[in-house]
Amino acid sequence: MTSHRWLTALLVVSLLVGACASSAPTEPPGPGTADPTTPTSTAEPTPAGPPACADRPAPTPAGEAWWHDRVFYELFVRSFADSDGDGIGDLRGVIERLDYLNDGDPSTADDLGVTALWLMPVAASPSYHGYDVTDYRTIEPDYGTNQDFKALVAAARARGMEIVVDLVMNHSSIEHPWFTASAMGDPTYADWYLWADERPAVSGPAGRPVWHERDGRFYYGYFWEGMPDLDVSNAAVTAELDAIARFWVDELGAAGFRLDAARHLIEDGSKLENTPATFEWLQGFRSRLQAADPGALVLGEVWDATSVASRYVREGALDLTFDFGLASQMLSAVRFGDPASLAIVQEEVSTSYPADGYAAFLTNHDQDRVFDVLGQDIAAARQAATLLLSNPGIPFIYYGEELGLRGRKPDERIRTPLPWTAQEPGFGFTTGKPWQAVAGGVETANVATQTDDPASLLSWYRSLIALRTAHPALSGGQLIPLQASDPGVYAVLRTDDSTNEAVVVVSNLTDEPVADVTVSLADGPLCGSPDPTVLLSSAASLDVTPPLVTASGGLEAWPVGALGAHADLLIALRSGRP
Ligand code: CA
């Protein structure tokens, strides 16, 4: 399964002709009896033909939030690029490397093409990861200055990218002056944290202690004794957090936030997550922020079941949450050749969230990296990207995923420096010594090696992102499962009314090639006699015959050819609706 055997092709869709406007000879014969509920075209009186596109509902105008069609990149500043040789990534380093992410020129194909960044914490912190903040209004000195952050926002925006930052409101660092003052009984800060004279009989998952001793008293810190939980139910704390959020948007130019540990904000006795008070607090935070700064994204980490995570969006507590169940199911589908389980989860997700209400991803900074989860198999890694970037949720790519960066826990090893070259000792990341050793496999998992190789994982990511950005069906369209002739084949239709376009995604999730694959749809939104255009393929053949649309807008068994192990095929169908 060497990469040169894969045929990778990206065809520009420039000559799509609406099939309904084309002449009759290309019209396929009707499959059977006409559906009496389906209007038939007066121009094409064949009773059993496909629905006429002119009779379909008019497109609904788009009025979505700015993030609805974006592709996000989760970026760990410490590990992205170092500008000054101290071995630590910094904001100036990110600015210098922005063209890798998006060069701002839609006509080039040698940038990744992401359209938004999520920066892991960039506020001052004593830890390498930054999730324990000591100053919410100042950039971590290792990373630069507030001026550097503003410069980054401006440079990113010039390339069409917005920047969202991690905001850690559940807890601060134990070294934050607020906590020091609170521990000393300073009347201003005494009740900014949760204190008890006796240790409450409450513990976290697996009996983990959550109440910690300090000078004969006890404070609550859910994750770690070095991260005391702020009492966000205190009005003074809420006012300060509101002001901090406004500062990042109004003064520094952030486009919104990823709220760390959003489900843990307010406890109720032994109930430590998803309390009614947490929902209510987030609803207030979001509405106050967006009243002042319309369009500020409030994305939250709710590491919980879809039924729980989606409630935050349905009830207006958050704009988006990450769906962890879908993420693990996408990877499982590729690992175990199991499209059926993925279809069940996609259905649950699509019925649980409002439109554009969740963020899709494969893994993040808290999880083993995709490439290792998938057994360091490049075809499987490519396919996981296909599932992610052809799925309706707003996609997030964890930095390095596009290169097949390896990494298993501990956490430092899943957050290693991005190798820009294979050249020791700095790997293009730094002129000095990287703060953390690079991951194994650097001889191939680096930008320089992959950037000009059309068969590389990086090239595949670039193609998928470009397609998603160019085709609203892939970003905002409905997802309709198709029936594939083989149980190991994943097949879906993404549709979009505003462009009269559908995209069919077919993936062989197994390790074995399959021949003569067909995909079908009983009833669907298709019309006319669409011409297929292969958008992207790692399959053996690009020769796809026009599909036969049924009288009920579905697909007759449509042959899409042979699919090698973990091969993907993306095909556009232009319905020609007026
Ligand atoms: Ca540096």
# chains A, B, ... in the order shown; residues from 1 in each chain; ligands from 1
$ residues_near_ligand --ligand "ligand 1" --cutoff "10 Å" --atoms "only C-alpha atoms and all ligand atoms" --output "list in words"
Val77, Arg78, Ser79, Ala81, Asp82, Ser83, Asp84, Gly85, Asp86, Gly87, Ile88, Gly89, Asp90, Leu91, Arg92, Gly93, Pro141, Asp142, Tyr143, Gly144, Phe429, Thr430, Thr431, Gly432, Pro434 and Trp435 of chain A
$ select_by_dssp --residues "segment 413-528 of chain A" --states "strand (DSSP E)" --output "PyMOL selection string"
chain A and resi 478-481+483-484+489-496+501-508+514-521
$ write_last_selection --atoms "N, CA, C and O atoms" --output "CSV table (one decimal), in the first residue's frame"
chain,number,residue,atom,x,y,z
A,478,GLN,N,-27.3,19.3,4.3
A,478,GLN,CA,-27.9,18.2,5.0
A,478,GLN,C,-27.0,16.9,4.7
A,478,GLN,O,-26.5,16.8,3.6
A,479,LEU,N,-27.0,16.0,5.6
A,479,LEU,CA,-26.4,14.7,5.4
A,479,LEU,C,-27.4,13.6,5.3
A,479,LEU,O,-28.3,13.4,6.2
A,480,ILE,N,-27.4,12.9,4.1
A,480,ILE,CA,-28.4,11.9,3.9
A,480,ILE,C,-27.6,10.6,3.7
A,480,ILE,O,-26.8,10.5,2.7
A,481,PRO,N,-27.8,9.5,4.5
A,481,PRO,CA,-27.1,8.3,4.3
A,481,PRO,C,-27.5,7.6,3.0
A,481,PRO,O,-28.7,7.6,2.7
A,483,GLN,N,-27.3,3.9,0.7
A,483,GLN,CA,-27.1,2.5,0.9
A,483,GLN,C,-26.0,2.0,0.0
A,483,GLN,O,-26.1,2.2,-1.2
A,484,ALA,N,-25.0,1.4,0.6
A,484,ALA,CA,-23.9,0.9,-0.2
A,484,ALA,C,-24.0,-0.6,-0.4
A,484,ALA,O,-24.6,-1.3,0.4
A,489,VAL,N,-18.5,-0.3,3.3
A,489,VAL,CA,-18.5,1.0,2.5
A,489,VAL,C,-19.4,2.0,3.1
A,489,VAL,O,-20.6,1.8,3.4
A,490,TYR,N,-18.8,3.2,3.4
A,490,TYR,CA,-19.5,4.3,3.9
A,490,TYR,C,-20.0,5.2,2.7
A,490,TYR,O,-19.1,5.5,1.9
A,491,ALA,N,-21.2,5.6,2.7
A,491,ALA,CA,-21.7,6.4,1.6
A,491,ALA,C,-22.8,7.4,2.1
A,491,ALA,O,-23.7,7.0,2.7
A,492,VAL,N,-22.5,8.6,1.8
A,492,VAL,CA,-23.5,9.7,2.2
A,492,VAL,C,-23.6,10.7,1.1
A,492,VAL,O,-22.8,10.8,0.2
A,493,LEU,N,-24.8,11.4,1.1
A,493,LEU,CA,-25.0,12.5,0.2
A,493,LEU,C,-25.1,13.7,1.0
A,493,LEU,O,-25.8,13.8,2.1
A,494,ARG,N,-24.4,14.8,0.6
A,494,ARG,CA,-24.5,16.1,1.2
A,494,ARG,C,-25.2,17.0,0.2
A,494,ARG,O,-24.8,17.0,-0.9
A,495,THR,N,-26.2,17.7,0.7
A,495,THR,CA,-27.0,18.5,-0.3
A,495,THR,C,-27.0,19.9,0.1
A,495,THR,O,-26.9,20.2,1.3
A,496,ASP,N,-27.2,20.8,-0.8
A,496,ASP,CA,-27.3,22.2,-0.5
A,496,ASP,C,-28.2,22.9,-1.5
A,496,ASP,O,-28.0,22.9,-2.7
A,501,GLU,N,-26.5,21.9,-5.5
A,501,GLU,CA,-25.5,20.9,-5.7
A,501,GLU,C,-25.6,19.8,-4.6
A,501,GLU,O,-26.0,20.1,-3.4
A,502,ALA,N,-25.2,18.6,-4.9
A,502,ALA,CA,-25.1,17.6,-4.0
A,502,ALA,C,-23.7,17.0,-4.1
A,502,ALA,O,-23.1,17.1,-5.2
A,503,VAL,N,-23.1,16.5,-3.0
A,503,VAL,CA,-21.8,15.8,-3.1
A,503,VAL,C,-22.0,14.5,-2.5
A,503,VAL,O,-22.5,14.3,-1.4
A,504,VAL,N,-21.6,13.5,-3.2
A,504,VAL,CA,-21.6,12.1,-2.7
A,504,VAL,C,-20.2,11.7,-2.2
A,504,VAL,O,-19.2,12.0,-2.9
A,505,VAL,N,-20.2,11.2,-1.0
A,505,VAL,CA,-19.0,10.7,-0.4
A,505,VAL,C,-19.0,9.2,-0.3
A,505,VAL,O,-20.0,8.7,0.3
A,506,VAL,N,-18.1,8.5,-0.9
A,506,VAL,CA,-18.0,7.0,-0.8
A,506,VAL,C,-16.7,6.6,-0.3
A,506,VAL,O,-15.6,7.0,-0.8
A,507,SER,N,-16.6,5.9,0.8
A,507,SER,CA,-15.3,5.5,1.4
A,507,SER,C,-15.4,4.0,1.7
A,507,SER,O,-16.3,3.5,2.4
A,508,ASN,N,-14.4,3.3,1.3
A,508,ASN,CA,-14.2,1.9,1.7
A,508,ASN,C,-13.4,1.9,3.0
A,508,ASN,O,-12.2,2.2,3.0
A,514,VAL,N,-12.6,-3.4,-2.5
A,514,VAL,CA,-13.9,-3.9,-2.9
A,514,VAL,C,-14.2,-3.5,-4.4
A,514,VAL,O,-13.8,-2.4,-4.8
A,515,ALA,N,-14.8,-4.4,-5.1
A,515,ALA,CA,-15.1,-4.2,-6.5
A,515,ALA,C,-16.6,-3.9,-6.7
A,515,ALA,O,-17.4,-4.2,-5.9
A,516,ASP,N,-16.8,-3.2,-7.9
A,516,ASP,CA,-18.2,-3.0,-8.3
A,516,ASP,C,-19.1,-2.4,-7.2
A,516,ASP,O,-20.2,-3.0,-7.0
A,517,VAL,N,-18.7,-1.4,-6.6
A,517,VAL,CA,-19.5,-0.8,-5.6
A,517,VAL,C,-20.6,0.0,-6.2
A,517,VAL,O,-20.4,0.7,-7.2
A,518,THR,N,-21.8,-0.1,-5.6
A,518,THR,CA,-22.9,0.7,-6.0
A,518,THR,C,-23.5,1.4,-4.8
A,518,THR,O,-23.4,0.8,-3.7
A,519,VAL,N,-24.1,2.6,-5.0
A,519,VAL,CA,-24.7,3.3,-3.9
A,519,VAL,C,-26.2,3.6,-4.3
A,519,VAL,O,-26.4,3.9,-5.5
A,520,SER,N,-27.1,3.6,-3.4
A,520,SER,CA,-28.5,3.8,-3.7
A,520,SER,C,-29.2,4.6,-2.6
A,520,SER,O,-28.7,4.7,-1.5
A,521,LEU,N,-30.3,5.2,-3.0
A,521,LEU,CA,-31.1,6.0,-2.1
A,521,LEU,C,-32.6,5.8,-2.4
A,521,LEU,O,-32.9,6.1,-3.6
$ select_by_dssp --residues "segment 269-456 of chain A" --states "alpha helix (DSSP H)" --output "PyMOL selection string"
chain A and resi 276-292+306-314+324-336+339-352+370-373+378-389+447-450
$ residues_around --residues "Ala158 of chain A" --least-positions-apart "6" --cutoff "10 Å" --atoms "only C-alpha atoms" --output "number ranges by chain"
A: 102-104, 152
$ atom_distance --atom1 "atom CA of Ser172 of chain A" --atom2 "atom CA of Pro228 of chain A"
6.0 Å
$ decode --residues "segment 196-286 of chain A" --atoms "C-alpha atoms" --output "PDB file, in the first residue's frame"
ATOM      1  CA  ALA A 196     -14.562  24.983  53.735  1.00  0.00           C
ATOM      2  CA  ASP A 197     -13.343  24.614  57.319  1.00  0.00           C
ATOM      3  CA  GLU A 198     -13.880  20.848  57.232  1.00  0.00           C
ATOM      4  CA  ARG A 199     -13.011  18.747  54.201  1.00  0.00           C
ATOM      5  CA  PRO A 200     -16.337  17.948  52.456  1.00  0.00           C
ATOM      6  CA  ALA A 201     -16.937  14.248  51.744  1.00  0.00           C
ATOM      7  CA  VAL A 202     -16.920  14.773  47.983  1.00  0.00           C
ATOM      8  CA  SER A 203     -14.491  13.328  45.499  1.00  0.00           C
ATOM      9  CA  GLY A 204     -14.026  13.361  41.747  1.00  0.00           C
ATOM     10  CA  PRO A 205     -13.973  10.509  39.214  1.00  0.00           C
ATOM     11  CA  ALA A 206     -12.194   7.386  40.495  1.00  0.00           C
ATOM     12  CA  GLY A 207     -12.093   8.856  43.986  1.00  0.00           C
ATOM     13  CA  ARG A 208      -9.792  11.692  42.971  1.00  0.00           C
ATOM     14  CA  PRO A 209      -9.600  14.298  45.763  1.00  0.00           C
ATOM     15  CA  VAL A 210     -11.204  17.618  44.828  1.00  0.00           C
ATOM     16  CA  TRP A 211     -10.919  19.415  48.183  1.00  0.00           C
ATOM     17  CA  HIS A 212      -7.378  20.372  49.060  1.00  0.00           C
ATOM     18  CA  GLU A 213      -5.871  21.604  52.323  1.00  0.00           C
ATOM     19  CA  ARG A 214      -4.316  25.033  52.694  1.00  0.00           C
ATOM     20  CA  ASP A 215      -3.364  26.491  56.113  1.00  0.00           C
ATOM     21  CA  GLY A 216      -5.884  24.311  57.942  1.00  0.00           C
ATOM     22  CA  ARG A 217      -8.751  25.110  55.578  1.00  0.00           C
ATOM     23  CA  PHE A 218      -9.901  23.409  52.384  1.00  0.00           C
ATOM     24  CA  TYR A 219     -10.428  24.757  48.867  1.00  0.00           C
ATOM     25  CA  TYR A 220     -12.122  23.131  45.907  1.00  0.00           C
ATOM     26  CA  GLY A 221     -10.071  22.305  42.823  1.00  0.00           C
ATOM     27  CA  TYR A 222     -11.717  19.813  40.510  1.00  0.00           C
ATOM     28  CA  PHE A 223      -8.825  19.011  38.189  1.00  0.00           C
ATOM     29  CA  TRP A 224      -5.764  19.462  40.359  1.00  0.00           C
ATOM     30  CA  GLU A 225      -4.666  21.138  43.576  1.00  0.00           C
ATOM     31  CA  GLY A 226      -2.720  23.650  41.470  1.00  0.00           C
ATOM     32  CA  MET A 227      -5.967  24.778  39.791  1.00  0.00           C
ATOM     33  CA  PRO A 228      -8.425  26.080  42.402  1.00  0.00           C
ATOM     34  CA  ASP A 229     -11.954  26.507  41.033  1.00  0.00           C
ATOM     35  CA  LEU A 230     -13.203  30.067  40.881  1.00  0.00           C
ATOM     36  CA  ASP A 231     -16.614  30.595  42.457  1.00  0.00           C
ATOM     37  CA  VAL A 232     -18.288  31.865  39.312  1.00  0.00           C
ATOM     38  CA  SER A 233     -21.635  32.050  41.134  1.00  0.00           C
ATOM     39  CA  ASN A 234     -20.156  35.042  42.947  1.00  0.00           C
ATOM     40  CA  ALA A 235     -21.392  38.198  41.183  1.00  0.00           C
ATOM     41  CA  ALA A 236     -18.017  39.885  41.525  1.00  0.00           C
ATOM     42  CA  VAL A 237     -16.282  36.949  39.834  1.00  0.00           C
ATOM     43  CA  THR A 238     -18.899  36.927  37.074  1.00  0.00           C
ATOM     44  CA  ALA A 239     -18.415  40.645  36.481  1.00  0.00           C
ATOM     45  CA  GLU A 240     -14.658  40.167  36.246  1.00  0.00           C
ATOM     46  CA  LEU A 241     -14.967  37.247  33.823  1.00  0.00           C
ATOM     47  CA  ASP A 242     -17.392  39.275  31.709  1.00  0.00           C
ATOM     48  CA  ALA A 243     -14.887  42.116  31.628  1.00  0.00           C
ATOM     49  CA  ILE A 244     -12.030  39.771  30.710  1.00  0.00           C
ATOM     50  CA  ALA A 245     -14.013  38.346  27.799  1.00  0.00           C
ATOM     51  CA  ARG A 246     -14.841  41.846  26.577  1.00  0.00           C
ATOM     52  CA  PHE A 247     -11.157  42.773  26.880  1.00  0.00           C
ATOM     53  CA  TRP A 248     -10.091  39.929  24.583  1.00  0.00           C
ATOM     54  CA  VAL A 249     -12.687  40.810  21.975  1.00  0.00           C
ATOM     55  CA  ASP A 250     -12.673  44.608  22.168  1.00  0.00           C
ATOM     56  CA  GLU A 251      -9.033  45.322  22.990  1.00  0.00           C
ATOM     57  CA  LEU A 252      -7.159  42.351  21.541  1.00  0.00           C
ATOM     58  CA  GLY A 253      -9.400  41.379  18.610  1.00  0.00           C
ATOM     59  CA  ALA A 254     -10.320  37.791  19.491  1.00  0.00           C
ATOM     60  CA  ALA A 255     -13.353  36.512  17.557  1.00  0.00           C
ATOM     61  CA  GLY A 256     -14.570  34.443  20.474  1.00  0.00           C
ATOM     62  CA  PHE A 257     -13.680  31.755  22.938  1.00  0.00           C
ATOM     63  CA  ARG A 258     -13.306  28.086  23.530  1.00  0.00           C
ATOM     64  CA  LEU A 259     -14.420  27.699  27.131  1.00  0.00           C
ATOM     65  CA  ASP A 260     -12.374  25.085  28.899  1.00  0.00           C
ATOM     66  CA  ALA A 261     -14.228  22.680  31.214  1.00  0.00           C
ATOM     67  CA  ALA A 262     -17.550  24.391  30.556  1.00  0.00           C
ATOM     68  CA  ARG A 263     -19.637  21.682  32.247  1.00  0.00           C
ATOM     69  CA  HIS A 264     -17.752  22.087  35.521  1.00  0.00           C
ATOM     70  CA  LEU A 265     -18.410  25.763  36.189  1.00  0.00           C
ATOM     71  CA  ILE A 266     -20.775  25.532  39.177  1.00  0.00           C
ATOM     72  CA  GLU A 267     -21.107  22.605  41.582  1.00  0.00           C
ATOM     73  CA  ASP A 268     -24.100  21.642  43.661  1.00  0.00           C
ATOM     74  CA  GLY A 269     -23.075  19.516  46.620  1.00  0.00           C
ATOM     75  CA  SER A 270     -21.760  16.265  45.229  1.00  0.00           C
ATOM     76  CA  LYS A 271     -22.981  17.075  41.695  1.00  0.00           C
ATOM     77  CA  LEU A 272     -19.845  18.383  40.037  1.00  0.00           C
ATOM     78  CA  GLU A 273     -20.924  18.821  36.417  1.00  0.00           C
ATOM     79  CA  ASN A 274     -23.845  19.880  34.216  1.00  0.00           C
ATOM     80  CA  THR A 275     -25.716  21.546  37.071  1.00  0.00           C
ATOM     81  CA  PRO A 276     -28.704  23.785  36.258  1.00  0.00           C
ATOM     82  CA  ALA A 277     -26.701  26.685  37.672  1.00  0.00           C
ATOM     83  CA  THR A 278     -23.942  26.052  35.131  1.00  0.00           C
ATOM     84  CA  PHE A 279     -26.423  26.215  32.249  1.00  0.00           C
ATOM     85  CA  GLU A 280     -27.940  29.391  33.629  1.00  0.00           C
ATOM     86  CA  TRP A 281     -24.563  31.024  34.154  1.00  0.00           C
ATOM     87  CA  LEU A 282     -23.410  30.254  30.623  1.00  0.00           C
ATOM     88  CA  GLN A 283     -26.679  31.546  29.156  1.00  0.00           C
ATOM     89  CA  GLY A 284     -26.065  34.820  30.958  1.00  0.00           C
ATOM     90  CA  PHE A 285     -22.398  35.015  30.015  1.00  0.00           C
ATOM     91  CA  ARG A 286     -23.128  34.352  26.350  1.00  0.00           C
TER      92      ARG A 286
END
